[in-house]
file upload_27.tsv (TSV, C-alpha atoms)
chain	number	residue	atom	x	y	z
S	1	MET	CA	93.17	93.64	116.34
S	2	GLY	CA	89.99	95.58	115.70
S	3	ARG	CA	91.37	99.05	116.39
S	4	LEU	CA	89.71	100.37	113.21
S	5	LEU	CA	86.66	98.11	113.13
S	6	GLY	CA	83.74	99.72	111.31
S	7	LYS	CA	85.82	102.46	109.69
S	8	THR	CA	86.38	103.07	105.98
S	9	ALA	CA	89.76	104.47	104.91
S	10	ILE	CA	90.98	105.88	101.62
S	11	ILE	CA	94.72	105.62	101.04
S	12	THR	CA	96.25	107.47	98.10
S	13	GLY	CA	99.39	105.98	96.60
S	14	GLY	CA	98.26	102.80	98.31
S	15	GLY	CA	99.76	100.32	95.90
S	16	VAL	CA	103.40	100.41	96.99
S	17	GLY	CA	105.74	101.48	99.77
S	18	ILE	CA	104.29	103.29	102.76
S	19	GLY	CA	100.79	103.32	101.26
S	20	ARG	CA	100.84	99.56	100.80
S	21	ALA	CA	101.96	99.01	104.39
S	22	CYS	CA	99.20	101.33	105.61
S	23	ALA	CA	96.58	99.46	103.61
S	24	ILE	CA	97.65	96.11	105.01
S	25	ARG	CA	97.90	97.17	108.65
S	26	MET	CA	94.66	99.18	108.57
S	27	ALA	CA	92.78	96.30	106.94
S	28	GLU	CA	94.15	93.90	109.54
S	29	GLU	CA	92.83	96.25	112.22
S	30	GLY	CA	89.31	96.01	110.76
S	31	ALA	CA	89.07	98.94	108.35
S	32	ARG	CA	87.50	98.76	104.91
S	33	ILE	CA	90.23	99.94	102.54
S	34	ALA	CA	89.95	101.97	99.34
S	35	ILE	CA	93.28	102.00	97.51
S	36	LEU	CA	93.75	104.95	95.14
S	37	ASP	CA	96.79	104.84	92.87
S	38	VAL	CA	97.96	105.42	89.30
S	39	LEU	CA	99.67	102.01	89.49
S	40	GLU	CA	96.89	99.70	88.42
S	41	LYS	CA	98.80	96.42	88.66
S	42	GLU	CA	100.15	97.13	92.15
S	43	GLY	CA	97.00	98.73	93.56
S	44	GLY	CA	94.61	96.22	92.06
S	45	GLY	CA	96.86	93.36	93.09
S	46	LEU	CA	96.97	94.53	96.69
S	47	ALA	CA	93.18	94.89	96.83
S	48	ALA	CA	92.82	91.34	95.51
S	49	GLU	CA	95.41	90.07	98.00
S	50	LEU	CA	93.55	91.64	100.92
S	51	ALA	CA	90.21	90.33	99.67
S	52	SER	CA	91.68	86.82	99.43
S	53	ARG	CA	92.42	87.07	103.15
S	54	GLY	CA	88.80	87.93	103.90
S	55	LEU	CA	89.54	91.64	104.36
S	56	GLU	CA	87.46	94.35	102.70
S	57	ALA	CA	89.33	96.31	100.05
S	58	GLY	CA	88.83	97.89	96.66
S	59	PHE	CA	90.98	99.67	94.08
S	60	TRP	CA	90.32	102.85	92.10
S	61	LYS	CA	92.83	104.05	89.51
S	62	VAL	CA	93.34	107.80	89.90
S	63	ASP	CA	95.90	110.52	89.28
S	64	VAL	CA	95.60	112.74	92.36
S	65	SER	CA	96.76	115.79	90.40
S	66	VAL	CA	93.49	115.79	88.40
S	67	GLN	CA	90.56	117.07	90.44
S	68	SER	CA	87.81	115.39	88.44
S	69	TYR	CA	89.46	111.99	88.85
S	70	VAL	CA	89.90	112.54	92.58
S	71	GLN	CA	86.28	113.55	93.12
S	72	SER	CA	84.95	110.59	91.14
S	73	ALA	CA	87.17	108.09	92.95
S	74	ILE	CA	86.44	109.39	96.44
S	75	ASP	CA	82.71	109.54	95.81
S	76	ALA	CA	82.77	106.03	94.34
S	77	ALA	CA	84.75	104.58	97.24
S	78	ALA	CA	82.52	106.21	99.86
S	79	SER	CA	79.44	104.96	98.04
S	80	HIS	CA	80.86	101.45	97.66
S	81	PHE	CA	81.65	101.08	101.36
S	82	GLY	CA	78.75	103.20	102.62
S	83	ARG	CA	80.79	105.85	104.42
S	84	LEU	CA	84.22	107.44	104.81
S	85	ASP	CA	86.05	107.87	108.12
S	86	VAL	CA	89.74	108.21	107.27
S	87	LEU	CA	91.76	109.78	104.49
S	88	VAL	CA	95.47	109.02	104.20
S	89	ASN	CA	97.09	111.51	101.80
S	90	ASN	CA	100.13	109.44	100.97
S	91	ALA	CA	100.58	109.80	97.20
S	92	GLY	CA	103.75	111.71	96.37
S	93	ILE	CA	106.81	111.96	94.17
S	94	SER	CA	110.33	113.12	94.97
S	95	GLY	CA	110.99	114.95	91.72
S	96	SER	CA	114.33	116.12	90.39
S	97	PRO	CA	117.40	115.85	92.68
S	98	ALA	CA	118.98	118.80	90.87
S	99	PRO	CA	119.94	122.03	92.70
S	100	THR	CA	117.38	124.82	92.53
S	101	ASP	CA	119.04	126.72	89.66
S	102	GLN	CA	118.90	123.61	87.48
S	103	VAL	CA	115.29	122.57	88.12
S	104	THR	CA	112.98	123.17	85.18
S	105	GLU	CA	109.57	124.78	85.51
S	106	ALA	CA	107.92	121.57	84.36
S	107	GLU	CA	109.76	119.54	87.01
S	108	TRP	CA	108.76	122.02	89.70
S	109	ASP	CA	105.12	122.10	88.61
S	110	ARG	CA	104.79	118.31	88.47
S	111	VAL	CA	105.94	117.86	92.08
S	112	GLN	CA	103.56	120.57	93.32
S	113	ALA	CA	100.71	119.10	91.27
S	114	VAL	CA	101.02	115.67	92.87
S	115	ASN	CA	102.27	116.50	96.36
S	116	VAL	CA	100.34	119.70	97.07
S	117	LYS	CA	97.35	119.86	94.73
S	118	GLY	CA	96.81	116.15	95.32
S	119	VAL	CA	96.45	116.71	99.07
S	120	PHE	CA	94.21	119.71	98.42
S	121	PHE	CA	91.93	117.85	96.00
S	122	CYS	CA	91.64	114.74	98.17
S	123	THR	CA	90.95	116.73	101.33
S	124	LYS	CA	88.42	118.94	99.55
S	125	HIS	CA	86.39	116.01	98.26
S	126	ALA	CA	86.74	113.84	101.36
S	127	ILE	CA	85.43	116.50	103.74
S	128	PRO	CA	81.74	116.17	102.75
S	129	HIS	CA	81.89	112.42	103.39
S	130	LEU	CA	83.73	112.82	106.70
S	131	ARG	CA	81.20	115.46	107.69
S	132	ALA	CA	78.36	113.08	106.86
S	133	ALA	CA	80.00	110.43	109.05
S	134	GLY	CA	80.06	112.85	111.99
S	135	GLY	CA	83.82	113.30	111.98
S	136	GLY	CA	86.97	111.50	111.02
S	137	SER	CA	90.71	111.60	110.57
S	138	ILE	CA	92.87	113.02	107.78
S	139	ILE	CA	96.50	111.91	107.85
S	140	ASN	CA	98.90	113.78	105.58
S	141	LEU	CA	102.28	112.31	104.71
S	142	SER	CA	104.78	115.14	104.79
S	143	SER	CA	108.51	114.51	105.37
S	144	ILE	CA	111.48	115.62	107.40
S	145	ALA	CA	112.01	117.74	104.27
S	146	GLY	CA	108.94	119.66	105.38
S	147	LEU	CA	110.70	120.54	108.63
S	148	ILE	CA	114.39	120.99	107.79
S	149	GLY	CA	116.65	121.44	104.80
S	150	VAL	CA	118.14	118.27	103.38
S	151	GLY	CA	119.50	119.83	100.18
S	152	GLY	CA	119.19	119.27	96.48
S	153	ILE	CA	115.45	118.61	96.22
S	154	ALA	CA	113.89	122.06	96.27
S	155	PRO	CA	110.53	121.14	94.68
S	156	TYR	CA	110.09	118.33	97.19
S	157	HIS	CA	111.00	120.56	100.15
S	158	ALA	CA	108.53	123.20	99.01
S	159	SER	CA	105.76	120.66	98.57
S	160	LYS	CA	106.25	118.97	101.93
S	161	GLY	CA	106.49	122.29	103.75
S	162	ALA	CA	103.18	123.21	102.14
S	163	VAL	CA	101.60	119.95	103.31
S	164	ARG	CA	102.80	120.64	106.87
S	165	LEU	CA	101.03	124.01	107.04
S	166	MET	CA	97.97	122.86	105.09
S	167	THR	CA	97.61	120.27	107.84
S	168	LYS	CA	97.67	122.84	110.61
S	169	ASN	CA	95.21	125.11	108.82
S	170	ASP	CA	92.76	122.27	108.20
S	171	ALA	CA	93.14	120.99	111.76
S	172	ILE	CA	91.90	124.34	113.02
S	173	THR	CA	89.26	124.75	110.33
S	174	TYR	CA	87.57	121.38	110.82
S	175	ALA	CA	88.09	120.73	114.54
S	176	PRO	CA	84.55	121.96	115.37
S	177	GLU	CA	83.25	119.20	113.10
S	178	ARG	CA	85.33	116.51	114.84
S	179	ILE	CA	87.54	116.06	111.79
S	180	ARG	CA	91.12	115.65	112.98
S	181	VAL	CA	94.05	116.49	110.66
S	182	ASN	CA	97.63	115.50	111.41
S	183	SER	CA	100.89	115.16	109.51
S	184	ILE	CA	103.56	112.47	109.61
S	185	HIS	CA	107.18	113.34	108.83
S	186	PRO	CA	109.25	110.29	107.91
S	187	GLY	CA	113.00	110.19	107.57
S	188	TYR	CA	114.44	107.89	104.92
S	189	ILE	CA	112.11	104.89	104.59
S	190	TRP	CA	113.12	102.06	102.25
S	191	THR	CA	110.47	102.38	99.55
S	192	PRO	CA	110.50	102.39	95.73
S	193	MET	CA	110.50	106.22	95.81
S	194	VAL	CA	113.62	106.36	97.99
S	195	GLU	CA	115.28	103.65	95.93
S	196	ASN	CA	114.62	105.60	92.72
S	197	HIS	CA	115.91	108.80	94.33
S	198	LEU	CA	119.15	107.11	95.40
S	199	ARG	CA	119.61	105.58	91.96
S	200	ALA	CA	119.29	109.08	90.48
S	201	ILE	CA	122.10	110.47	92.62
S	202	SER	CA	124.51	107.53	92.74
S	203	ASP	CA	125.82	104.75	90.51
S	204	ASP	CA	126.30	102.53	93.57
S	205	LEU	CA	122.88	101.86	95.11
S	206	GLU	CA	124.15	99.83	98.06
S	207	ALA	CA	126.67	102.50	99.01
S	208	ALA	CA	124.03	105.21	98.68
S	209	LYS	CA	121.61	103.17	100.80
S	210	ALA	CA	124.23	102.68	103.51
S	211	ALA	CA	125.12	106.37	103.47
S	212	ALA	CA	121.47	107.42	103.70
S	213	GLY	CA	120.92	105.05	106.60
S	214	SER	CA	123.99	106.25	108.45
S	215	VAL	CA	122.73	109.83	108.81
S	216	HIS	CA	120.03	108.59	111.20
S	217	PRO	CA	121.31	108.25	114.78
S	218	LEU	CA	119.72	104.79	114.94
S	219	GLY	CA	122.05	103.86	112.09
S	220	HIS	CA	119.65	102.66	109.43
S	221	MET	CA	116.65	103.59	107.31
S	222	GLY	CA	113.13	102.96	108.48
S	223	GLU	CA	110.64	100.46	107.10
S	224	PRO	CA	107.15	101.18	105.73
S	225	ASP	CA	105.59	99.52	108.79
S	226	ASP	CA	107.26	102.13	111.01
S	227	ILE	CA	104.95	104.68	109.38
S	228	ALA	CA	101.94	102.41	108.97
S	229	TRP	CA	101.55	101.82	112.70
S	230	ALA	CA	101.51	105.57	113.32
S	231	VAL	CA	98.80	105.90	110.67
S	232	VAL	CA	96.76	103.19	112.39
S	233	TRP	CA	97.02	105.09	115.67
S	234	LEU	CA	96.05	108.46	114.16
S	235	ALA	CA	93.10	106.84	112.41
S	236	SER	CA	91.87	105.19	115.60
S	237	GLU	CA	89.91	106.50	118.56
S	238	GLU	CA	93.12	106.19	120.56
S	239	ALA	CA	94.13	109.52	118.98
S	240	LYS	CA	90.76	111.25	119.47
S	241	PHE	CA	92.41	114.30	121.14
S	242	VAL	CA	95.20	114.64	118.58
S	243	THR	CA	94.89	117.21	115.81
S	244	GLY	CA	97.32	119.62	114.15
S	245	ALA	CA	100.25	117.49	115.33
S	246	GLU	CA	103.51	116.73	113.55
S	247	ILE	CA	104.49	113.11	114.12
S	248	VAL	CA	108.20	112.78	113.31
S	249	ILE	CA	109.40	109.24	112.58
S	250	ASP	CA	112.99	109.63	111.47
S	251	GLY	CA	115.36	107.49	113.53
S	252	GLY	CA	116.56	110.63	115.29
S	253	TYR	CA	117.51	112.50	112.09
S	254	THR	CA	116.00	115.84	113.15
S	255	ALA	CA	117.10	115.52	116.79
S	256	ARG	CA	120.60	116.77	115.95
call {"tool": "encode", "arguments": {"input": "upload_27.tsv", "output": "structure tokens"}}
result
Amino acid sequence: MGRLLGKTAIITGGGVGIGRACAIRMAEEGARIAILDVLEKEGGGLAAELASRGLEAGFWKVDVSVQSYVQSAIDAAASHFGRLDVLVNNAGISGSPAPTDQVTEAEWDRVQAVNVKGVFFCTKHAIPHLRAAGGGSIINLSSIAGLIGVGGIAPYHASKGAVRLMTKNDAITYAPERIRVNSIHPGYIWTPMVENHLRAISDDLEAAKAAAGSVHPLGHMGEPDDIAWAVVWLASEEAKFVTGAEIVIDGGYTAR
């Protein structure tokens, strides 16, 4: 307990899945939590749930693909809590599971808008607040699809590869200002996004879930907490010498 005491963290896509787990674990470790999400019911409900436990949390509805919304929400959250120390760029969509030659331009553009421009906008508008705090931590959620080919989700692969290299660039750029930037690369984690993806490619969800789990040497999918604890570590002073790193949490998927 108390690993993030005194810190303020913004988590995009914080209402469900990995973002929700991050919000809970970071709040339990003492952080003040700003949940940014387009899902008002889920994000607002989580903020209220945390507050009912005596933890500090607030919710701002925002579409990360729209720069003006991002800037307003980040500025408001930093003002509300008095500072900003951590940004978790978690918001993302999987997009169409179709092969590349069948993906429409609109489908491609939507994935890049959320997964790439969203990270760009949030980082851009968080930096002044992190700078004012004397440093901080940016944690970008990429994917194993940003490291290797999985197949069938070209827009998602492109977006997560972009996030991987944006992370390294920003790690170098902002290191002199004590702003650390790292990426996390999950394998299949049982979240609403993964569930929706599996439903899109199979009529038998349970069979698809078992098949997706079986490709990991550990034999099963991960849980949101498996990622959340890594986020807690990267946000904490325990990781003060870690920047530009790729943290792979995939049950051995990419070890083959």
call {"tool": "closest_atom_pairs", "arguments": {"input": "upload_27.tsv", "of": "range 163-209 of chain S", "to": "range 218-241 of chain S", "cutoff": "6 Å", "atoms": "all atoms listed in the file", "output": "JSON lines"}}
result
{"residue": "S:Tyr188", "atom": "CA", "partner": "S:Met221", "partner_atom": "CA", "distance": 5.4}
{"residue": "S:Ile189", "atom": "CA", "partner": "S:Gly222", "partner_atom": "CA", "distance": 4.5}
{"residue": "S:Trp190", "atom": "CA", "partner": "S:Glu223", "partner_atom": "CA", "distance": 5.7}
call {"tool": "residues_around", "arguments": {"input": "upload_27.tsv", "residues": "Ser137 in chain S", "least_positions_apart": "6", "cutoff": "9 Å", "atoms": "only C-alpha atoms", "output": "ChimeraX atom specification"}}
result
/S:85-88,130,178-182,234-236,240,243
call {"tool": "residues_around", "arguments": {"input": "upload_27.tsv", "residues": "Glu40 in chain S", "least_positions_apart": "5", "cutoff": "12 Å", "atoms": "all atoms listed in the file", "output": "VMD selection string"}}
result
chain S and resid 13 to 16 35 45 to 48 58 to 63
call {"tool": "residues_around", "arguments": {"input": "upload_27.tsv", "residues": "His157 in chain S", "least_positions_apart": "3", "cutoff": "12 Å", "atoms": "all atoms listed in the file", "output": "PyMOL selection string"}}
result
chain S and resi 93-97+99-100+108+111-112+115-116+142-154+160-164+185
call {"tool": "residues_around", "arguments": {"input": "upload_27.tsv", "residues": "Gly54 in chain S", "least_positions_apart": "4", "cutoff": "10 Å", "atoms": "only C-alpha atoms", "output": "list in words"}}
result
Ala27, Glu28, Ala48, Glu49 and Leu50 of chain S
